[in-house]
Amino acid sequence: MTLWGSLTLSLALLSSIHVVGAEIPSGVALSPHQELVINNVAEPASLDPHKTLGSPEASIMANLFEGLASFDPRGEIVPGVAVRWESTPDFKRWTLYLRTEASWSNGEPLTAHDFVYSWQRLADPETAAPYVDALLGMRLENIDEIVSGKQPSGKLGICAIDDHTLQLSLSSPVPYLSKMLANFPLYPIHQATVEKFGDKWTSPANWVGNGAYKIDKWLVNERIVLLRNKNYWDNLNMVIDKVTFLPLSSDESAVKRYLAGEIDITGRNLPTELFKEFKHTMAEEVQASPRLALYFYEFNIRQAPFNDPRVRRALSLVLNREWISSSVLGQGQLPAYTFNSRDPKGFQPHPVVWSSWEPQQRQVEARKLLQEAGYGEEKPLKFTLSYDNSEYNKKIALAAAAMWRETLGAEVRLEGQEWRSFMENRAAAKLQMSALTWFSDYNEPSSFLNILISNSSVCTSGYSSQYFDDLMLRSLSATTVEERYQIYQAAEDQLMLDLPIIPLFHVVTVRLVKPDIGGYRCDNPMRVFYMKDLYRIKR
């Protein structure tokens, strides 16, 4: 990649602007009832973009808010609130031009000042945002000092030039910054509403947002209902009027309700047995989508037994990722030996050397390492593996625990927790080992790697490597894509040497989608799809 000036970048983006609402093919007749019911898998912990981290929240917030940029149905970055942006040749100053027709759901105009307030609130340590990494990765001026409490949030490298022009000042060049602008922590929030209602600002009675929908009802552990926001700038190009999200953690229950006509789109996982059956009996409704996402186990390396890298390596060695991917799941998941996925269009990290070993060779090495760490028949390795409570996570955990027990004699306690409790316990470093899925927030390898830098708010393993941190900082100064990818490879190599995590498989999202729903695409590698892009076809 070569550097280019601001004019070239700006013109390239101007040519990409298009209507991002529902794209309905000619001749398609629409149903008079434009409503959807979707399984959201879990009750969201919060709908405040600065108070949450997980996918159950992000999937709803993507429809309640809009960032400076959005994703189109194919997962490509397109304008959102910002109609275009440009950077200086060194990629350290970015200017974004906001659409003049953007407004809040209460009809008030949305301005650049709203983004300044929102991002400063995200950076402020008093907010205790679990995903302040969204700003750390952008390298905004003073972000490190603000997060550590050494500078006030007002010193953040963001300012409003006028009501519709926003300027970002960076401490390091970030040539891919435009890819990051759709990330949910960067959504704007309405200052007056937050200051008036405090933590209650997200309740339906108080709600003010800028997305395509607004909250109508929120019945905890039952449903969240969204209605079309008539003040959304692209409202005329939308079709779906009402969306109901259900927090069903049971994939089997969701399938039963789908078959009964009570759900239109199931959650992101489908039981393996039903997947095989439905691929034969209702193939057009089974939507399998490869994602830029990794399923992995995170160690708490602050305390025994996982403060010993030999224990971590032994557990990683004996996991048969190929069998888990093909037999336990069998829906197109690919075994993972690196943090990033192998993207045929971009970064392709090298797998660890032992990934090509025969299972017996791996097992011999694992037993040797565990014995050296002081574990054996007289002192078996004991630990708890925790996960958010779903059949999907439990099935994988049962398979992993069996491998560890049979090969290493490990005694593994499996612990399923309700989503909110799981996330809170993980953030408080109360879990020994956690089952997690990381969905890339933007299509660039740093979206994975950045969450393991020492000051990351996302990684709760206790991992800290100055060498790894320096590599990620150095990657920002790379003058070509090839050079940056070489640095990413070195970072991947260091992670797989230190092993704060065990990569298991690259994720495939499998949903059942009613055949009369148009606009849903299974070739979108990002986790988000917007209700404003969908429509119901007349049967």
# chains A, B, ... in the order shown; residues from 1 in each chain; ligands from 1

$ closest_atom_pairs --of "segment 159-235 of chain A" --to "segment 130-150 of chain A" --cutoff "8 Å" --atoms "only C-alpha atoms" --output "Markdown table"
| residue | atom | partner | partner_atom | distance |
| --- | --- | --- | --- | --- |
| A:Leu168 | CA | A:Leu140 | CA | 7.0 |
| A:Ser169 | CA | A:Glu141 | CA | 5.9 |
| A:Leu170 | CA | A:Leu140 | CA | 4.3 |
| A:Ser171 | CA | A:Glu141 | CA | 4.9 |
| A:Ser172 | CA | A:Arg139 | CA | 6.0 |
| A:Pro173 | CA | A:Arg139 | CA | 7.8 |
| A:Val174 | CA | A:Met138 | CA | 6.7 |
| A:Leu177 | CA | A:Met138 | CA | 6.5 |
| A:Met180 | CA | A:Met138 | CA | 7.8 |
| A:Asn183 | CA | A:Ala134 | CA | 7.2 |
| A:Pro185 | CA | A:Ala134 | CA | 6.5 |
| A:Leu186 | CA | A:Ala134 | CA | 7.2 |

$ select_by_dssp --residues "segment 10-98 of chain A" --states "alpha helix (DSSP H)" --output "list of chain:residue names"
A:Ser10, A:Leu11, A:Ala12, A:Leu13, A:Leu14, A:Ser55, A:Pro56, A:Glu57, A:Ala58, A:Ser59, A:Ile60, A:Met61, A:Ala62, A:Asn63, A:Leu64

$ residues_around --residues "Tyr463 of chain A" --least-positions-apart "2" --cutoff "9 Å" --atoms "only C-alpha atoms" --output "PyMOL selection string"
chain A and resi 300-302+452-454+459-461+465+498+500

$ closest_residue --among "A:Asn221, A:Thr509, A:Thr480, A:Ser355" --to "Arg521 of chain A" --atoms "only C-alpha atoms"
A:Thr509

$ residues_around --residues "segment 344-354 of chain A" --least-positions-apart "3" --cutoff "12 Å" --atoms "only C-alpha atoms" --output "PyMOL selection string"
chain A and resi 292+313-314+316-319+335-341+357-363+365-366+443-446+449+481-497+499+502-503

$ closest_residue --among "A:Lys379, A:Glu66, A:Ala427, A:Val508" --to "Leu53 of chain A" --atoms "only C-alpha atoms"
A:Ala427

$ decode --residues "segment 321-334 of chain A" --atoms "all heavy atoms" --output "PDB file, in the first residue's frame"
ATOM      1  N   ARG A 321      -8.967 -29.916  17.297  1.00  0.00           N
ATOM      2  CA  ARG A 321      -9.790 -28.880  16.698  1.00  0.00           C
ATOM      3  C   ARG A 321     -10.518 -29.379  15.451  1.00  0.00           C
ATOM      4  O   ARG A 321     -11.645 -28.967  15.168  1.00  0.00           O
ATOM      5  CB  ARG A 321      -8.923 -27.676  16.354  1.00  0.00           C
ATOM      6  CG  ARG A 321      -8.338 -26.972  17.587  1.00  0.00           C
ATOM      7  CD  ARG A 321      -7.068 -26.241  17.211  1.00  0.00           C
ATOM      8  NE  ARG A 321      -6.543 -25.383  18.272  1.00  0.00           N
ATOM      9  CZ  ARG A 321      -5.780 -25.825  19.268  1.00  0.00           C
ATOM     10  NH1 ARG A 321      -5.465 -27.119  19.361  1.00  0.00           N
ATOM     11  NH2 ARG A 321      -5.331 -24.986  20.186  1.00  0.00           N
ATOM     12  N   GLU A 322      -9.848 -30.250  14.701  1.00  0.00           N
ATOM     13  CA  GLU A 322     -10.469 -30.786  13.487  1.00  0.00           C
ATOM     14  C   GLU A 322     -11.724 -31.571  13.836  1.00  0.00           C
ATOM     15  O   GLU A 322     -12.757 -31.454  13.153  1.00  0.00           O
ATOM     16  CB  GLU A 322      -9.472 -31.672  12.736  1.00  0.00           C
ATOM     17  CG  GLU A 322      -8.354 -30.920  12.014  1.00  0.00           C
ATOM     18  CD  GLU A 322      -7.286 -30.375  12.954  1.00  0.00           C
ATOM     19  OE1 GLU A 322      -7.246 -30.802  14.129  1.00  0.00           O
ATOM     20  OE2 GLU A 322      -6.487 -29.523  12.527  1.00  0.00           O
ATOM     21  N   TRP A 323     -11.671 -32.366  14.883  1.00  0.00           N
ATOM     22  CA  TRP A 323     -12.825 -33.177  15.271  1.00  0.00           C
ATOM     23  C   TRP A 323     -13.950 -32.302  15.817  1.00  0.00           C
ATOM     24  O   TRP A 323     -15.131 -32.510  15.500  1.00  0.00           O
ATOM     25  CB  TRP A 323     -12.417 -34.215  16.318  1.00  0.00           C
ATOM     26  CG  TRP A 323     -13.509 -35.190  16.615  1.00  0.00           C
ATOM     27  CD1 TRP A 323     -13.907 -36.245  15.861  1.00  0.00           C
ATOM     28  CD2 TRP A 323     -14.380 -35.170  17.758  1.00  0.00           C
ATOM     29  NE1 TRP A 323     -14.964 -36.897  16.456  1.00  0.00           N
ATOM     30  CE2 TRP A 323     -15.277 -36.259  17.625  1.00  0.00           C
ATOM     31  CE3 TRP A 323     -14.488 -34.344  18.883  1.00  0.00           C
ATOM     32  CZ2 TRP A 323     -16.254 -36.533  18.564  1.00  0.00           C
ATOM     33  CZ3 TRP A 323     -15.466 -34.622  19.814  1.00  0.00           C
ATOM     34  CH2 TRP A 323     -16.343 -35.711  19.653  1.00  0.00           C
ATOM     35  N   ILE A 324     -13.604 -31.294  16.620  1.00  0.00           N
ATOM     36  CA  ILE A 324     -14.619 -30.377  17.140  1.00  0.00           C
ATOM     37  C   ILE A 324     -15.312 -29.659  15.996  1.00  0.00           C
ATOM     38  O   ILE A 324     -16.545 -29.546  15.951  1.00  0.00           O
ATOM     39  CB  ILE A 324     -13.982 -29.365  18.118  1.00  0.00           C
ATOM     40  CG1 ILE A 324     -13.538 -30.074  19.403  1.00  0.00           C
ATOM     41  CG2 ILE A 324     -14.967 -28.238  18.437  1.00  0.00           C
ATOM     42  CD1 ILE A 324     -12.791 -29.187  20.378  1.00  0.00           C
ATOM     43  N   SER A 325     -14.525 -29.181  15.011  1.00  0.00           N
ATOM     44  CA  SER A 325     -15.084 -28.429  13.892  1.00  0.00           C
ATOM     45  C   SER A 325     -15.979 -29.289  13.007  1.00  0.00           C
ATOM     46  O   SER A 325     -17.074 -28.877  12.616  1.00  0.00           O
ATOM     47  CB  SER A 325     -13.960 -27.817  13.052  1.00  0.00           C
ATOM     48  OG  SER A 325     -13.189 -26.916  13.820  1.00  0.00           O
ATOM     49  N   SER A 326     -15.503 -30.503  12.709  1.00  0.00           N
ATOM     50  CA  SER A 326     -16.207 -31.333  11.732  1.00  0.00           C
ATOM     51  C   SER A 326     -17.291 -32.210  12.342  1.00  0.00           C
ATOM     52  O   SER A 326     -18.343 -32.418  11.736  1.00  0.00           O
ATOM     53  CB  SER A 326     -15.210 -32.211  10.976  1.00  0.00           C
ATOM     54  OG  SER A 326     -14.551 -33.096  11.870  1.00  0.00           O
ATOM     55  N   SER A 327     -17.062 -32.738  13.546  1.00  0.00           N
ATOM     56  CA  SER A 327     -17.987 -33.716  14.134  1.00  0.00           C
ATOM     57  C   SER A 327     -18.896 -33.125  15.207  1.00  0.00           C
ATOM     58  O   SER A 327     -20.105 -33.377  15.214  1.00  0.00           O
ATOM     59  CB  SER A 327     -17.201 -34.895  14.713  1.00  0.00           C
ATOM     60  OG  SER A 327     -16.465 -35.545  13.697  1.00  0.00           O
ATOM     61  N   VAL A 328     -18.327 -32.346  16.122  1.00  0.00           N
ATOM     62  CA  VAL A 328     -19.147 -31.755  17.181  1.00  0.00           C
ATOM     63  C   VAL A 328     -20.060 -30.684  16.591  1.00  0.00           C
ATOM     64  O   VAL A 328     -21.224 -30.555  16.967  1.00  0.00           O
ATOM     65  CB  VAL A 328     -18.259 -31.162  18.293  1.00  0.00           C
ATOM     66  CG1 VAL A 328     -19.119 -30.476  19.349  1.00  0.00           C
ATOM     67  CG2 VAL A 328     -17.412 -32.257  18.925  1.00  0.00           C
ATOM     68  N   LEU A 329     -19.532 -29.921  15.621  1.00  0.00           N
ATOM     69  CA  LEU A 329     -20.298 -28.823  15.014  1.00  0.00           C
ATOM     70  C   LEU A 329     -20.715 -29.149  13.581  1.00  0.00           C
ATOM     71  O   LEU A 329     -21.883 -29.220  13.269  1.00  0.00           O
ATOM     72  CB  LEU A 329     -19.477 -27.535  15.071  1.00  0.00           C
ATOM     73  CG  LEU A 329     -19.097 -27.081  16.497  1.00  0.00           C
ATOM     74  CD1 LEU A 329     -18.142 -25.904  16.461  1.00  0.00           C
ATOM     75  CD2 LEU A 329     -20.333 -26.742  17.303  1.00  0.00           C
ATOM     76  N   GLY A 330     -19.754 -29.326  12.690  1.00  0.00           N
ATOM     77  CA  GLY A 330     -20.045 -29.810  11.340  1.00  0.00           C
ATOM     78  C   GLY A 330     -20.875 -28.900  10.453  1.00  0.00           C
ATOM     79  O   GLY A 330     -21.679 -29.364   9.653  1.00  0.00           O
ATOM     80  N   GLN A 331     -20.673 -27.586  10.583  1.00  0.00           N
ATOM     81  CA  GLN A 331     -21.467 -26.651   9.790  1.00  0.00           C
ATOM     82  C   GLN A 331     -20.590 -25.728   8.944  1.00  0.00           C
ATOM     83  O   GLN A 331     -21.061 -24.691   8.468  1.00  0.00           O
ATOM     84  CB  GLN A 331     -22.361 -25.830  10.727  1.00  0.00           C
ATOM     85  CG  GLN A 331     -23.321 -26.704  11.514  1.00  0.00           C
ATOM     86  CD  GLN A 331     -23.980 -25.954  12.662  1.00  0.00           C
ATOM     87  OE1 GLN A 331     -23.651 -24.810  12.943  1.00  0.00           O
ATOM     88  NE2 GLN A 331     -24.905 -26.610  13.343  1.00  0.00           N
ATOM     89  N   GLY A 332     -19.323 -26.113   8.780  1.00  0.00           N
ATOM     90  CA  GLY A 332     -18.403 -25.297   7.995  1.00  0.00           C
ATOM     91  C   GLY A 332     -17.366 -24.574   8.821  1.00  0.00           C
ATOM     92  O   GLY A 332     -16.540 -23.839   8.276  1.00  0.00           O
ATOM     93  N   GLN A 333     -17.372 -24.768  10.139  1.00  0.00           N
ATOM     94  CA  GLN A 333     -16.356 -24.160  10.984  1.00  0.00           C
ATOM     95  C   GLN A 333     -14.973 -24.711  10.609  1.00  0.00           C
ATOM     96  O   GLN A 333     -14.848 -25.884  10.241  1.00  0.00           O
ATOM     97  CB  GLN A 333     -16.619 -24.454  12.470  1.00  0.00           C
ATOM     98  CG  GLN A 333     -17.858 -23.787  13.024  1.00  0.00           C
ATOM     99  CD  GLN A 333     -19.148 -24.557  12.812  1.00  0.00           C
ATOM    100  OE1 GLN A 333     -19.163 -25.587  12.124  1.00  0.00           O
ATOM    101  NE2 GLN A 333     -20.237 -24.096  13.399  1.00  0.00           N
ATOM    102  N   LEU A 334     -13.945 -23.881  10.723  1.00  0.00           N
ATOM    103  CA  LEU A 334     -12.589 -24.293  10.386  1.00  0.00           C
ATOM    104  C   LEU A 334     -11.720 -24.295  11.633  1.00  0.00           C
ATOM    105  O   LEU A 334     -11.791 -23.357  12.443  1.00  0.00           O
ATOM    106  CB  LEU A 334     -11.978 -23.345   9.339  1.00  0.00           C
ATOM    107  CG  LEU A 334     -12.669 -23.311   7.979  1.00  0.00           C
ATOM    108  CD1 LEU A 334     -12.026 -22.245   7.093  1.00  0.00           C
ATOM    109  CD2 LEU A 334     -12.598 -24.673   7.311  1.00  0.00           C
TER     110      LEU A 334
END
